[in-house]
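Please read the structure below before turning to the comments.
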Amino acid sequence: MDIYLYDGSFEGYLSAVFEVYKKGGVIRKENTFIPDMFARTFGVQTDLEKADRVWSGLSKKLSADGLHQYFSAFLSELDNIEDQLLNYTRHIFENQASVERDFGNAFVLFVAQTARKVHREKHRMEAFVRFQLTKDDIYFSLVSPDYNVLPLIIRHFKDRYADQRWMIYDRARNYGIYYDLEKVDTVWMEMDKQEGIWDEKELDYQALWQTYYKGANIAGRVNRKLQLQHMPKRYWKYLPELR
Amino acid sequence: MQERVHEKLSILADAAKYDVSCASSGSDRKNTNKGLGNAHPGMGICHSYTPDGRCVSLLKILLTNHCIYDCAYCVSRKSNDIKRAAFTVQEVVDLTINFYRRNYIEGLFLSSGIFKDPDFTMERMVRIAKDLRTIHRFNGYIHLKAIPGASDELMREAGMYADRLSVNLELPTEEGLKLLAPEKKRADMIQPMNYLKNEIIRLEDERKVLKKVPIFVPAGQSTQVIVGAGRETDKDIVHMASRFYQQFRLKRVYYSGYVPISNDARLPGLGQQVPMMRENRLYQADWLMRFYGFNAQELLDDANPHLDTEIDPKLSWALRNLHFFPIDINTADKMLIARIPGIGMNSVNKIIAARSFSALGWDQLQQMGVQLNRAKYFITCKKGAMVKKDYTSEQIRRQILNQSHSKYLKLHSPQLSLF
Ligand code: SF4
């Protein structure tokens, strides 16, 4: 078996598809790959031109929605996502008609369902991001989403918070997105002390929010299970109302 | 200063929480002026959940809990001995903007006790919405609860700034209102609803011929009824809802299980359970009417005036109408498939899409999210029927209850709880 290693980026993955499609073989991320004695490994150079050719090929077969799902499923970073997507890709190109909604096919269904999970995480981030205002007027939020969804939430936050500078930082993947009132850029930074960086009113508003949260609860209807189902514990650490 | 705001917020959030509506969807206000915020046409966002499991989407507060009326079911009623507070216009604006900028909320849901008179109260509420929109260029969601008896002129102005307006009917029947809120008249509630409906239709017509027609309550109007305070049946409630959906083109009817707040002899007393299961069944019935093509009469009639608490209304309907089944998954109409217990709209859409590629079997149905343990009694697929025997309604009911009963127990066993 031949194994093709790529750098983890979407363009890298598409470049690998370009290599593997005719020759056969499997695609793996180079940083999480576990060496296998019986396989030959090859490194794949990320090649924007090749990536683009694969993507435009897909664009001819998939609707805008379908392309978005394809990309979303990739962002799941699941262990076997490259295999699933590669099989899906073959199924797409081997059929004349669009197979996008052929949910009887296992790969089509898997990609659709994975995209849906990623979409749910995207939606959660839109809900659970909590900005804190810094002294230099940036609304800052830390997150650690289950999937790599920052690329998917840029539009939402840019449209909504058009008149304030903001940054959302993915602590798990160690990168962030920053909006400077014009455009959104990808940023990296050192996470050290956070004391003394907040605006003087910041804690007041967090406290008011906590007061509101307490007042809005109806004690006679307590239903912790439902609360947890909508807002699993792993998200709590970034929510001021739950601290 | 800050402390006083905390106190007000705590009193006025507490008093507002019995209004269940938290929807922040259905509007499509875009952030075109590079101002603050937008409102989504599709799903609204729940930014948090309180320990009661309810969604926190809007800053839901009263402007004041002072009230000249004495409705028996309401904590803010005149005769109730509680702390009173009132926000200033500026305080509400400031809280809304600062919560919004931190991504705590989708917007503001403002309601109020009636101080002085309906117009006096409504006027202040409208001013808050107006300041948010014009001074702060705020495009987030605003829901104003209209005060029954407010003038058409104020309703019109409210409609220019709010995404949604609601007039709460409070009690499902007129008799209930007479008994529990004798100072209020149904007619005072119908009047603004009617005004809004006509104004919405008028502007829609204008929009067809004119280019620039102002936005007017883009997310429409809704109402809320309290469930379990009076003596009304589920049939009364669901048929009333169906009528109001049609007559006033309401976007939503909300059902709020009565939370006992006093020992008034006309009402369930303190310590009585909130009728949450009943409320839940009403929402399911409402859902079936709005999205699954059921009408009120099919769900509840004189022979069946109450929704079954043990099983959901769709299954309950199916068991009363076994002659509709079995339905062939591979050929039946979309809306017929939607009527099968254990198949939600999501799966319906998948089935319709997938069956044009190849006929579907049991495994695929399961993969698509169909709950076969329920659906199996009502369907056939390319492999024929899964349940060969002809069961009676009662037998099916018992079998399904047995399965879900054990599931219920499992979900509630302490080992599985995440604490
Ligand atoms: S008018 Fe409204 S606030 Fe006043 S008592 Fe009646 S329900 Fe409560």
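If you're wondering about the labels, chains in the structure tokens are A, B, ... by order shown, residues count from 1 in each chain, ligands from 1 in order shown.
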
Practice item. Grab me every residue within 6 Å of ligand 1, counting only C-alpha atoms and all ligand atoms, and send it over as an MDAnalysis selection string. Key: chainID B and resid 67 69:71 74 76:77 113:114

Check your understanding: What lies within 7 Å of Met160 of chain B using only C-alpha atoms, ignoring chain neighbours under 5 positions off, as a PyMOL selection string?
Key -> chain B and resi 215-217

Practice item. Find the residues in chain B near chain A: any atom within 6 Å counts, using only C-alpha atoms. Write them as a ChimeraX atom specification. Key: /B:10,13-14,17,34-38,45,47,49-53,102-103,353-354,364

Point to revise | atom CA of Ser98 of chain A to atom CA of Leu62 of chain A, straight-line distance in Å | key: 6.9 Å

Revision key, fill the gap. Of B:Asn349, B:Ser48, B:Asn321, B:Gln2, the one nearest to Tyr238 of chain A when counting only C-alpha atoms is B:Ser48

**Study point:** Close residues, Ile400 of chain B itself excluded, 8 Å, only C-alpha atoms, min 3 positions apart in chain, as a list of chain:residue names
**Key:**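 Listed by chain and then number, they are B:Asn373, B:Arg374, B:Ile396, B:Arg397, B:Gln403, B:Ser404.
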
Resulting file, chosen residues, N, CA and C atoms, as a tab-separated table (two decimals), in the first residue's frame:
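See part36.tsv below for the written result:
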```tsv
chain	number	residue	atom	x	y	z
B	373	ASN	N	-37.93	1.39	15.23
B	373	ASN	CA	-38.74	0.73	16.25
B	373	ASN	C	-40.15	1.31	16.34
B	374	ARG	N	-40.32	2.55	15.89
B	374	ARG	CA	-41.67	3.11	15.80
B	374	ARG	C	-42.25	2.96	14.41
B	396	ILE	N	-49.80	-2.12	19.38
B	396	ILE	CA	-48.67	-1.30	18.92
B	396	ILE	C	-48.29	-0.30	20.00
B	397	ARG	N	-49.32	0.33	20.53
B	397	ARG	CA	-49.09	1.31	21.58
B	397	ARG	C	-48.28	0.72	22.73
B	403	GLN	N	-40.73	-0.19	24.81
B	403	GLN	CA	-39.37	0.17	24.37
B	403	GLN	C	-38.98	1.53	24.93
B	404	SER	N	-39.88	2.51	24.76
B	404	SER	CA	-39.45	3.84	25.14
B	404	SER	C	-39.40	3.97	26.65
```

Review point. What's the 6 Å shell around Gly12 of chain A, counting only C-alpha atoms, without same-chain residues fewer than 4 positions away, as a ChimeraX atom specification?
Key: /A:6-7,46

Would you export the selected residues with N, CA and C atoms as a PDB file, in the first residue's frame, please?
```pdb
ATOM      1  N   TYR A   6       0.345  14.645   3.537  1.00  0.00           N
ATOM      2  CA  TYR A   6       0.185  16.071   3.198  1.00  0.00           C
ATOM      3  C   TYR A   6       0.231  16.897   4.476  1.00  0.00           C
ATOM      4  N   ASP A   7       0.298  18.210   4.302  1.00  0.00           N
ATOM      5  CA  ASP A   7       0.598  19.098   5.432  1.00  0.00           C
ATOM      6  C   ASP A   7      -0.594  19.426   6.337  1.00  0.00           C
ATOM      7  N   THR A  46       2.239  20.686  -1.338  1.00  0.00           N
ATOM      8  CA  THR A  46       1.009  21.429  -1.592  1.00  0.00           C
ATOM      9  C   THR A  46       1.208  22.262  -2.846  1.00  0.00           C
TER      10      THR A  46
END
```

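Atom to atom, atom CA of Glu157 of chain B and atom CA of Pro214 of chain B stand 11.3 Å apart.
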
Review point. What is the distance between atom CA of Leu62 of chain B and atom CA of Leu110 of chain B, in Å to one decimal?
Key: 5.8 Å

Point to revise | Nearest to Val118 of chain A by atom-to-atom distance, counting only C-alpha atoms, from A:Ser56, A:Asn174, A:Thr134, A:Gln69 | key: A:Gln69

Name all residues at most 9 Å from segment 243-251 of chain B (count only C-alpha atoms; drop same-chain ones fewer than 6 positions away) and give them as a PDB file with N, CA and C atoms, in the first residue's frame.
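What landed in result_26.pdb:
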```
ATOM      1  N   GLY B  26     -36.463  34.763  11.865  1.00  0.00           N
ATOM      2  CA  GLY B  26     -37.546  35.202  11.000  1.00  0.00           C
ATOM      3  C   GLY B  26     -37.399  36.621  10.511  1.00  0.00           C
ATOM      4  N   MET B 193     -53.730  43.409  17.353  1.00  0.00           N
ATOM      5  CA  MET B 193     -53.382  42.288  16.459  1.00  0.00           C
ATOM      6  C   MET B 193     -53.957  42.526  15.074  1.00  0.00           C
ATOM      7  N   ASN B 194     -55.174  42.975  15.071  1.00  0.00           N
ATOM      8  CA  ASN B 194     -55.844  43.243  13.819  1.00  0.00           C
ATOM      9  C   ASN B 194     -55.158  44.378  13.070  1.00  0.00           C
ATOM     10  N   LEU B 196     -52.071  45.284  13.273  1.00  0.00           N
ATOM     11  CA  LEU B 196     -50.790  44.824  12.732  1.00  0.00           C
ATOM     12  C   LEU B 196     -50.999  43.980  11.483  1.00  0.00           C
ATOM     13  N   LYS B 197     -51.965  43.070  11.564  1.00  0.00           N
ATOM     14  CA  LYS B 197     -52.204  42.208  10.410  1.00  0.00           C
ATOM     15  C   LYS B 197     -52.517  43.056   9.175  1.00  0.00           C
ATOM     16  N   ASN B 198     -53.443  44.007   9.344  1.00  0.00           N
ATOM     17  CA  ASN B 198     -53.850  44.822   8.199  1.00  0.00           C
ATOM     18  C   ASN B 198     -52.706  45.669   7.672  1.00  0.00           C
ATOM     19  N   ALA B 219     -40.393  40.242  11.281  1.00  0.00           N
ATOM     20  CA  ALA B 219     -40.577  38.875  11.805  1.00  0.00           C
ATOM     21  C   ALA B 219     -42.017  38.643  12.247  1.00  0.00           C
ATOM     22  N   GLY B 220     -42.908  39.570  11.903  1.00  0.00           N
ATOM     23  CA  GLY B 220     -44.329  39.331  12.138  1.00  0.00           C
ATOM     24  C   GLY B 220     -44.753  39.421  13.595  1.00  0.00           C
ATOM     25  N   GLN B 221     -45.950  38.934  13.864  1.00  0.00           N
ATOM     26  CA  GLN B 221     -46.440  38.993  15.238  1.00  0.00           C
ATOM     27  C   GLN B 221     -46.690  37.597  15.806  1.00  0.00           C
ATOM     28  N   SER B 222     -46.613  37.528  17.117  1.00  0.00           N
ATOM     29  CA  SER B 222     -46.817  36.250  17.799  1.00  0.00           C
ATOM     30  C   SER B 222     -47.669  36.497  19.038  1.00  0.00           C
ATOM     31  N   THR B 223     -48.067  35.428  19.698  1.00  0.00           N
ATOM     32  CA  THR B 223     -48.803  35.593  20.946  1.00  0.00           C
ATOM     33  C   THR B 223     -48.441  34.468  21.893  1.00  0.00           C
TER      34      THR B 223
END
```

Check your understanding: In segment 88-186 of chain A, what's helix (DSSP H, G or I) per DSSP? Answer as a PyMOL selection string?
Key -> chain A and resi 88-94+106-128+150-160

Could the residues in this selection be written to a file with C-alpha atoms, as an mmCIF file, in the first residue's frame?
```
data_model
loop_
_atom_site.group_PDB
_atom_site.id
_atom_site.type_symbol
_atom_site.label_atom_id
_atom_site.label_comp_id
_atom_site.auth_asym_id
_atom_site.auth_seq_id
_atom_site.Cartn_x
_atom_site.Cartn_y
_atom_site.Cartn_z
ATOM 1 C CA TYR A 88 -16.767 10.176 -2.108
ATOM 2 C CA THR A 89 -14.678 11.951 -4.728
ATOM 3 C CA ARG A 90 -14.417 8.773 -6.789
ATOM 4 C CA HIS A 91 -18.145 8.212 -6.524
ATOM 5 C CA ILE A 92 -18.721 11.778 -7.734
ATOM 6 C CA PHE A 93 -16.467 11.490 -10.783
ATOM 7 C CA GLU A 94 -17.539 7.972 -11.707
ATOM 8 C CA ALA A 106 -22.446 5.078 2.375
ATOM 9 C CA PHE A 107 -19.818 7.695 1.440
ATOM 10 C CA VAL A 108 -22.357 10.286 0.397
ATOM 11 C CA LEU A 109 -24.221 9.800 3.637
ATOM 12 C CA PHE A 110 -21.043 9.885 5.726
ATOM 13 C CA VAL A 111 -19.864 13.145 4.209
ATOM 14 C CA ALA A 112 -23.306 14.709 4.601
ATOM 15 C CA GLN A 113 -23.549 13.608 8.211
ATOM 16 C CA THR A 114 -20.031 14.719 9.052
ATOM 17 C CA ALA A 115 -20.649 18.085 7.429
ATOM 18 C CA ARG A 116 -23.711 18.368 9.581
ATOM 19 C CA LYS A 117 -21.745 17.718 12.754
ATOM 20 C CA VAL A 118 -19.208 20.335 11.752
ATOM 21 C CA HIS A 119 -22.009 22.710 10.976
ATOM 22 C CA ARG A 120 -23.443 22.156 14.429
ATOM 23 C CA GLU A 121 -20.089 23.014 15.954
ATOM 24 C CA LYS A 122 -19.934 26.141 13.832
ATOM 25 C CA HIS A 123 -23.336 27.096 15.114
ATOM 26 C CA ARG A 124 -22.202 26.462 18.672
ATOM 27 C CA MET A 125 -19.250 28.753 18.231
ATOM 28 C CA GLU A 126 -21.532 31.476 16.939
ATOM 29 C CA ALA A 127 -23.488 31.003 20.134
ATOM 30 C CA PHE A 128 -20.771 30.446 22.739
ATOM 31 C CA LEU A 150 -12.903 29.148 12.555
ATOM 32 C CA PRO A 151 -12.808 29.352 8.741
ATOM 33 C CA LEU A 152 -16.551 28.793 8.753
ATOM 34 C CA ILE A 153 -17.511 31.493 11.260
ATOM 35 C CA ILE A 154 -15.625 34.435 9.772
ATOM 36 C CA ARG A 155 -18.545 35.609 7.677
ATOM 37 C CA HIS A 156 -20.972 35.562 10.547
ATOM 38 C CA PHE A 157 -18.835 37.602 12.911
ATOM 39 C CA LYS A 158 -17.644 39.989 10.249
ATOM 40 C CA ASP A 159 -21.202 40.785 9.190
ATOM 41 C CA ARG A 160 -22.490 41.108 12.702
#
```
